[in-house]
Amino acid sequence: MANKNIGYFTNGLLKENPVLRLVLGTCPTLAVTTSVKDGISMGLAATVVLICSNVAISLLRKVIPDKVRIPAFITIIAGFVSVVQMLVKAFLPSVDKALGIYLPLIVVNCIILARAEMFASKNSVLPSALDGLGMGLGFTATLTLMGTIRELLGTGMIFGQPVTANFISPMIIFLLPPGGFFVFGMLVAASNAIAKRQGKQPVEHLGCDSCPSKGICGKTDCAEKEAVTNE
């Protein structure tokens, strides 16, 4: 049991990292990682919501009707996001200003809804809490790494302290969307290379069977959409 619980926690760190392996939550990943501080702040806020929503949904999984599970999940997630947002506004106004609209948009973050649908609604409280913690820390680690690379190359500083700014000209493009996409692509490529070396499948399009959200939209719907697209 202990090994299984450890697996629930470590799963989101590497094996199924929500950003690099499942390719979820890319919008805030690209938008807020222009600095290490913003990346860490967004990651920790999402982690708190992940843990709380996973626990709540796990506790209520047997009383939530199947037909309204998605609206119910979103309502629960929205409640925790509102609490987090109010706390950030009250105690960390600079963080609230830096994250802007992306803080309340945690409500529709694919990572949180996907874990609610795929894990918390099917498992007990402790595994769900560990899954939320692991996925949240994996998300935070990725945002922190991206923020470090982009801030260092784009400004020559880390946490506002000069590192390379005095002897290497900052490359402003890394603070712009193209730089974000470039760093994100390089990290996904590195993740794929590590996965291949370990004998795992790289991130690629494999239809509905590879979609982490197939349980939400329904495999049949995806297949019909693909057929229409191919026609």
# chains A, B, ... in the order shown; residues from 1 in each chain; ligands from 1

call {"tool": "residues_around", "arguments": {"residues": "Val95 in chain A", "least_positions_apart": "5", "cutoff": "10 Å", "atoms": "only C-alpha atoms", "output": "PDB file with N, CA and C atoms, in the first residue's frame"}}
result
ATOM      1  N   LYS A  37       9.534  33.818 -10.449  1.00  0.00           N
ATOM      2  CA  LYS A  37       8.561  34.115  -9.393  1.00  0.00           C
ATOM      3  C   LYS A  37       7.138  33.860  -9.856  1.00  0.00           C
ATOM      4  N   ASP A  38       6.794  34.323 -11.060  1.00  0.00           N
ATOM      5  CA  ASP A  38       5.438  34.123 -11.573  1.00  0.00           C
ATOM      6  C   ASP A  38       5.160  32.649 -11.828  1.00  0.00           C
ATOM      7  N   SER A  41       4.564  30.989  -8.452  1.00  0.00           N
ATOM      8  CA  SER A  41       3.291  31.437  -7.885  1.00  0.00           C
ATOM      9  C   SER A  41       2.112  30.743  -8.544  1.00  0.00           C
ATOM     10  N   MET A  42       2.112  30.677  -9.877  1.00  0.00           N
ATOM     11  CA  MET A  42       1.024  30.007 -10.585  1.00  0.00           C
ATOM     12  C   MET A  42       0.997  28.520 -10.252  1.00  0.00           C
ATOM     13  N   VAL A  88      -4.822  35.432  -2.200  1.00  0.00           N
ATOM     14  CA  VAL A  88      -3.700  36.059  -2.921  1.00  0.00           C
ATOM     15  C   VAL A  88      -3.908  37.567  -3.005  1.00  0.00           C
ATOM     16  N   LYS A  89      -5.136  37.993  -3.299  1.00  0.00           N
ATOM     17  CA  LYS A  89      -5.432  39.426  -3.367  1.00  0.00           C
ATOM     18  C   LYS A  89      -5.165  40.110  -2.025  1.00  0.00           C
ATOM     19  N   GLY A 100      -2.605  38.142 -13.000  1.00  0.00           N
ATOM     20  CA  GLY A 100      -3.746  38.708 -13.707  1.00  0.00           C
ATOM     21  C   GLY A 100      -4.885  37.717 -13.907  1.00  0.00           C
ATOM     22  N   LEU A 103      -4.977  33.688 -12.919  1.00  0.00           N
ATOM     23  CA  LEU A 103      -5.292  33.136 -11.603  1.00  0.00           C
ATOM     24  C   LEU A 103      -6.736  32.635 -11.546  1.00  0.00           C
TER      25      LEU A 103
END

call {"tool": "residues_around", "arguments": {"residues": "range 63-78 of chain A", "least_positions_apart": "5", "cutoff": "10 Å", "atoms": "only C-alpha atoms", "output": "PyMOL selection string"}}
result
chain A and resi 49-50+52-54+56-57+83-84+104-109+112-113+116-117+121+216

call {"tool": "residues_around", "arguments": {"residues": "Leu176 in chain A", "least_positions_apart": "4", "cutoff": "12 Å", "atoms": "only C-alpha atoms", "output": "JSON, numbers by chain"}}
result
{"A": [30, 31, 32, 33, 34, 35, 150, 151, 153, 154, 155, 171, 172, 180, 181, 182, 183]}

call {"tool": "residues_around", "arguments": {"residues": "Val125 in chain A", "least_positions_apart": "6", "cutoff": "8 Å", "atoms": "only C-alpha atoms", "output": "short mmCIF file (atom, residue, chain, number, x, y, z; two decimals) with C-alpha atoms, in the first residue's frame"}}
result
data_model
loop_
_atom_site.label_atom_id
_atom_site.label_comp_id
_atom_site.auth_asym_id
_atom_site.auth_seq_id
_atom_site.Cartn_x
_atom_site.Cartn_y
_atom_site.Cartn_z
CA ASN A 54 -9.35 16.19 -5.62
CA VAL A 55 -10.11 15.58 -1.95
CA SER A 58 -13.25 12.01 -3.90
CA LEU A 59 -15.40 12.50 -0.80
#

call {"tool": "residues_around", "arguments": {"residues": "Leu24 in chain A", "least_positions_apart": "4", "cutoff": "6 Å", "atoms": "only C-alpha atoms", "output": "PyMOL selection string"}}
result
chain A and resi 18-19+110-111

call {"tool": "write_last_selection", "arguments": {"atoms": "N, CA and C atoms", "output": "tab-separated table (two decimals), in the first residue's frame"}}
result
chain	number	residue	atom	x	y	z
A	18	PRO	N	2.12	16.72	-16.10
A	18	PRO	CA	0.96	17.27	-16.81
A	18	PRO	C	1.30	18.18	-17.98
A	19	VAL	N	2.45	18.82	-17.95
A	19	VAL	CA	2.83	19.73	-19.04
A	19	VAL	C	3.66	19.03	-20.10
A	110	CYS	N	-7.10	22.54	-17.71
A	110	CYS	CA	-7.36	21.15	-18.11
A	110	CYS	C	-6.75	20.14	-17.14
A	111	ILE	N	-5.66	20.50	-16.49
A	111	ILE	CA	-5.01	19.58	-15.56
A	111	ILE	C	-5.96	19.25	-14.42

call {"tool": "select_by_dssp", "arguments": {"residues": "range 3-227 of chain A", "states": "strand (DSSP E)", "output": "PyMOL selection string"}}
result
chain A and resi 157-158+161-162

call {"tool": "residues_around", "arguments": {"residues": "Phe184 in chain A", "least_positions_apart": "4", "cutoff": "12 Å", "atoms": "only C-alpha atoms", "output": "list in words"}}
result
Val19, Leu20, Arg21, Val23, Gly25, Thr26, Cys27, Pro28, Thr29, Leu30, Ala31, Thr33, Thr142, Leu143, Leu145, Met146, Gly147, Ile149, Arg150, Phe174, Pro177, Pro178, Gly179, Gly180, Val188, Ala189, Ala190 and Ser191 of chain A

call {"tool": "select_by_dssp", "arguments": {"residues": "range 45-155 of chain A", "states": "alpha helix (DSSP H)", "output": "ChimeraX atom specification"}}
result
/A:45-60,69-91,93-99,110-118,125-155

call {"tool": "residues_around", "arguments": {"residues": "Leu137 in chain A", "least_positions_apart": "4", "cutoff": "9 Å", "atoms": "only C-alpha atoms", "output": "short mmCIF file (atom, residue, chain, number, x, y, z; two decimals) with C-alpha atoms, in the first residue's frame"}}
result
data_model
loop_
_atom_site.label_atom_id
_atom_site.label_comp_id
_atom_site.auth_asym_id
_atom_site.auth_seq_id
_atom_site.Cartn_x
_atom_site.Cartn_y
_atom_site.Cartn_z
CA GLY A 12 2.79 13.49 -11.81
CA LEU A 13 6.41 14.47 -11.26
CA GLY A 43 2.23 26.48 -9.91
CA LEU A 44 1.62 26.68 -6.17
CA THR A 47 -1.36 22.84 -6.62
CA GLY A 132 -3.18 16.20 -6.72
CA LEU A 133 0.03 16.96 -4.84
CA ALA A 141 8.50 22.32 -11.40
CA THR A 142 7.91 22.70 -15.12
#

call {"tool": "atom_distance", "arguments": {"atom1": "CA of Gly136 in chain A", "atom2": "CA of Val48 in chain A"}}
result
7.7 Å

call {"tool": "closest_residue", "arguments": {"among": "A:Ile51, A:Leu87, A:Ala195, A:Leu22", "to": "Ala129 in chain A", "atoms": "only C-alpha atoms"}}
result
A:Ile51

call {"tool": "decode", "arguments": {"residues": "range 9-126 of chain A", "atoms": "C-alpha atoms", "output": "PDB file, in the first residue's frame"}}
result
ATOM      1  CA  PHE A   9       2.567  10.963  -5.740  1.00  0.00           C
ATOM      2  CA  THR A  10       5.545  10.468  -8.079  1.00  0.00           C
ATOM      3  CA  ASN A  11       3.392   9.800 -11.139  1.00  0.00           C
ATOM      4  CA  GLY A  12       2.790  13.489 -11.806  1.00  0.00           C
ATOM      5  CA  LEU A  13       6.405  14.472 -11.258  1.00  0.00           C
ATOM      6  CA  LEU A  14       7.944  12.556 -14.169  1.00  0.00           C
ATOM      7  CA  LYS A  15       6.008   9.653 -15.683  1.00  0.00           C
ATOM      8  CA  GLU A  16       2.846  11.678 -16.386  1.00  0.00           C
ATOM      9  CA  ASN A  17       4.077  15.234 -15.925  1.00  0.00           C
ATOM     10  CA  PRO A  18       0.963  17.273 -16.809  1.00  0.00           C
ATOM     11  CA  VAL A  19       2.825  19.735 -19.036  1.00  0.00           C
ATOM     12  CA  LEU A  20       5.639  17.743 -20.642  1.00  0.00           C
ATOM     13  CA  ARG A  21       3.995  14.301 -20.856  1.00  0.00           C
ATOM     14  CA  LEU A  22       0.231  14.978 -20.999  1.00  0.00           C
ATOM     15  CA  VAL A  23       0.609  18.434 -22.632  1.00  0.00           C
ATOM     16  CA  LEU A  24      -2.094  20.016 -20.456  1.00  0.00           C
ATOM     17  CA  GLY A  25      -2.276  23.544 -19.078  1.00  0.00           C
ATOM     18  CA  THR A  26      -0.113  24.978 -21.865  1.00  0.00           C
ATOM     19  CA  CYS A  27      -1.873  28.368 -21.870  1.00  0.00           C
ATOM     20  CA  PRO A  28      -0.757  29.456 -18.360  1.00  0.00           C
ATOM     21  CA  THR A  29       2.528  27.613 -18.901  1.00  0.00           C
ATOM     22  CA  LEU A  30       3.409  29.865 -21.828  1.00  0.00           C
ATOM     23  CA  ALA A  31       1.813  33.031 -20.433  1.00  0.00           C
ATOM     24  CA  VAL A  32       3.229  33.347 -16.911  1.00  0.00           C
ATOM     25  CA  THR A  33       6.724  31.867 -17.256  1.00  0.00           C
ATOM     26  CA  THR A  34       8.496  35.089 -18.168  1.00  0.00           C
ATOM     27  CA  SER A  35       9.931  35.016 -14.640  1.00  0.00           C
ATOM     28  CA  VAL A  36      10.722  32.390 -12.018  1.00  0.00           C
ATOM     29  CA  LYS A  37       8.561  34.115  -9.393  1.00  0.00           C
ATOM     30  CA  ASP A  38       5.438  34.123 -11.573  1.00  0.00           C
ATOM     31  CA  GLY A  39       5.972  30.493 -12.563  1.00  0.00           C
ATOM     32  CA  ILE A  40       6.298  29.355  -8.950  1.00  0.00           C
ATOM     33  CA  SER A  41       3.291  31.437  -7.885  1.00  0.00           C
ATOM     34  CA  MET A  42       1.024  30.007 -10.585  1.00  0.00           C
ATOM     35  CA  GLY A  43       2.235  26.476  -9.913  1.00  0.00           C
ATOM     36  CA  LEU A  44       1.620  26.682  -6.165  1.00  0.00           C
ATOM     37  CA  ALA A  45      -1.833  28.235  -6.624  1.00  0.00           C
ATOM     38  CA  ALA A  46      -2.795  25.440  -9.017  1.00  0.00           C
ATOM     39  CA  THR A  47      -1.357  22.843  -6.617  1.00  0.00           C
ATOM     40  CA  VAL A  48      -3.540  24.066  -3.735  1.00  0.00           C
ATOM     41  CA  VAL A  49      -6.624  23.923  -5.955  1.00  0.00           C
ATOM     42  CA  LEU A  50      -5.657  20.475  -7.264  1.00  0.00           C
ATOM     43  CA  ILE A  51      -5.280  18.987  -3.788  1.00  0.00           C
ATOM     44  CA  CYS A  52      -8.439  20.558  -2.366  1.00  0.00           C
ATOM     45  CA  SER A  53     -10.640  19.768  -5.378  1.00  0.00           C
ATOM     46  CA  ASN A  54      -9.350  16.191  -5.620  1.00  0.00           C
ATOM     47  CA  VAL A  55     -10.113  15.577  -1.947  1.00  0.00           C
ATOM     48  CA  ALA A  56     -13.590  17.156  -2.163  1.00  0.00           C
ATOM     49  CA  ILE A  57     -14.519  15.285  -5.343  1.00  0.00           C
ATOM     50  CA  SER A  58     -13.245  12.008  -3.903  1.00  0.00           C
ATOM     51  CA  LEU A  59     -15.404  12.496  -0.799  1.00  0.00           C
ATOM     52  CA  LEU A  60     -18.471  13.300  -2.921  1.00  0.00           C
ATOM     53  CA  ARG A  61     -17.862  10.841  -5.750  1.00  0.00           C
ATOM     54  CA  LYS A  62     -20.626   8.462  -4.643  1.00  0.00           C
ATOM     55  CA  VAL A  63     -23.313  11.137  -4.288  1.00  0.00           C
ATOM     56  CA  ILE A  64     -22.663  13.200  -7.440  1.00  0.00           C
ATOM     57  CA  PRO A  65     -24.974  11.957 -10.236  1.00  0.00           C
ATOM     58  CA  ASP A  66     -23.043  10.773 -13.266  1.00  0.00           C
ATOM     59  CA  LYS A  67     -25.023  12.963 -15.678  1.00  0.00           C
ATOM     60  CA  VAL A  68     -24.042  16.195 -13.905  1.00  0.00           C
ATOM     61  CA  ARG A  69     -20.554  15.230 -12.772  1.00  0.00           C
ATOM     62  CA  ILE A  70     -18.709  17.721 -15.011  1.00  0.00           C
ATOM     63  CA  PRO A  71     -20.788  20.779 -13.917  1.00  0.00           C
ATOM     64  CA  ALA A  72     -20.425  19.579 -10.318  1.00  0.00           C
ATOM     65  CA  PHE A  73     -16.649  19.230 -10.669  1.00  0.00           C
ATOM     66  CA  ILE A  74     -16.350  22.706 -12.188  1.00  0.00           C
ATOM     67  CA  THR A  75     -18.468  24.202  -9.378  1.00  0.00           C
ATOM     68  CA  ILE A  76     -16.245  22.590  -6.728  1.00  0.00           C
ATOM     69  CA  ILE A  77     -13.066  23.706  -8.498  1.00  0.00           C
ATOM     70  CA  ALA A  78     -14.440  27.250  -8.919  1.00  0.00           C
ATOM     71  CA  GLY A  79     -15.115  27.452  -5.183  1.00  0.00           C
ATOM     72  CA  PHE A  80     -11.530  26.617  -4.273  1.00  0.00           C
ATOM     73  CA  VAL A  81     -10.149  28.933  -6.971  1.00  0.00           C
ATOM     74  CA  SER A  82     -12.220  31.795  -5.526  1.00  0.00           C
ATOM     75  CA  VAL A  83     -10.792  31.135  -2.062  1.00  0.00           C
ATOM     76  CA  VAL A  84      -7.216  31.038  -3.399  1.00  0.00           C
ATOM     77  CA  GLN A  85      -7.765  34.206  -5.429  1.00  0.00           C
ATOM     78  CA  MET A  86      -9.143  36.120  -2.433  1.00  0.00           C
ATOM     79  CA  LEU A  87      -6.215  35.025  -0.258  1.00  0.00           C
ATOM     80  CA  VAL A  88      -3.700  36.059  -2.921  1.00  0.00           C
ATOM     81  CA  LYS A  89      -5.432  39.426  -3.367  1.00  0.00           C
ATOM     82  CA  ALA A  90      -5.368  40.020   0.380  1.00  0.00           C
ATOM     83  CA  PHE A  91      -1.853  38.894   1.250  1.00  0.00           C
ATOM     84  CA  LEU A  92       0.106  38.914  -2.053  1.00  0.00           C
ATOM     85  CA  PRO A  93      -1.289  41.755  -4.172  1.00  0.00           C
ATOM     86  CA  SER A  94       1.860  41.918  -6.314  1.00  0.00           C
ATOM     87  CA  VAL A  95       1.441  38.244  -7.246  1.00  0.00           C
ATOM     88  CA  ASP A  96      -2.234  38.821  -8.016  1.00  0.00           C
ATOM     89  CA  LYS A  97      -1.295  41.700 -10.313  1.00  0.00           C
ATOM     90  CA  ALA A  98       1.438  39.681 -12.056  1.00  0.00           C
ATOM     91  CA  LEU A  99      -0.742  36.628 -12.700  1.00  0.00           C
ATOM     92  CA  GLY A 100      -3.746  38.708 -13.707  1.00  0.00           C
ATOM     93  CA  ILE A 101      -6.548  36.819 -15.449  1.00  0.00           C
ATOM     94  CA  TYR A 102      -4.631  33.537 -15.328  1.00  0.00           C
ATOM     95  CA  LEU A 103      -5.292  33.136 -11.603  1.00  0.00           C
ATOM     96  CA  PRO A 104      -9.121  32.920 -11.892  1.00  0.00           C
ATOM     97  CA  LEU A 105      -8.710  30.907 -15.106  1.00  0.00           C
ATOM     98  CA  ILE A 106      -7.360  28.041 -12.986  1.00  0.00           C
ATOM     99  CA  VAL A 107     -11.062  27.082 -12.906  1.00  0.00           C
ATOM    100  CA  VAL A 108     -10.827  25.848 -16.504  1.00  0.00           C
ATOM    101  CA  ASN A 109      -7.282  24.504 -16.295  1.00  0.00           C
ATOM    102  CA  CYS A 110      -7.356  21.148 -18.108  1.00  0.00           C
ATOM    103  CA  ILE A 111      -5.013  19.582 -15.561  1.00  0.00           C
ATOM    104  CA  ILE A 112      -7.449  20.061 -12.674  1.00  0.00           C
ATOM    105  CA  LEU A 113     -10.568  18.929 -14.541  1.00  0.00           C
ATOM    106  CA  ALA A 114      -8.725  15.948 -16.043  1.00  0.00           C
ATOM    107  CA  ARG A 115      -7.516  14.733 -12.626  1.00  0.00           C
ATOM    108  CA  ALA A 116     -11.006  15.184 -11.188  1.00  0.00           C
ATOM    109  CA  GLU A 117     -12.557  13.104 -13.968  1.00  0.00           C
ATOM    110  CA  MET A 118      -9.839  10.493 -14.404  1.00  0.00           C
ATOM    111  CA  PHE A 119      -8.634   9.964 -10.828  1.00  0.00           C
ATOM    112  CA  ALA A 120     -10.422  11.684  -7.937  1.00  0.00           C
ATOM    113  CA  SER A 121     -13.883  10.536  -9.046  1.00  0.00           C
ATOM    114  CA  LYS A 122     -12.700   6.916  -9.010  1.00  0.00           C
ATOM    115  CA  ASN A 123     -10.399   6.749  -5.961  1.00  0.00           C
ATOM    116  CA  SER A 124     -10.432   7.300  -2.207  1.00  0.00           C
ATOM    117  CA  VAL A 125      -9.273  10.452  -0.420  1.00  0.00           C
ATOM    118  CA  LEU A 126      -5.599   9.693   0.309  1.00  0.00           C
TER     119      LEU A 126
END
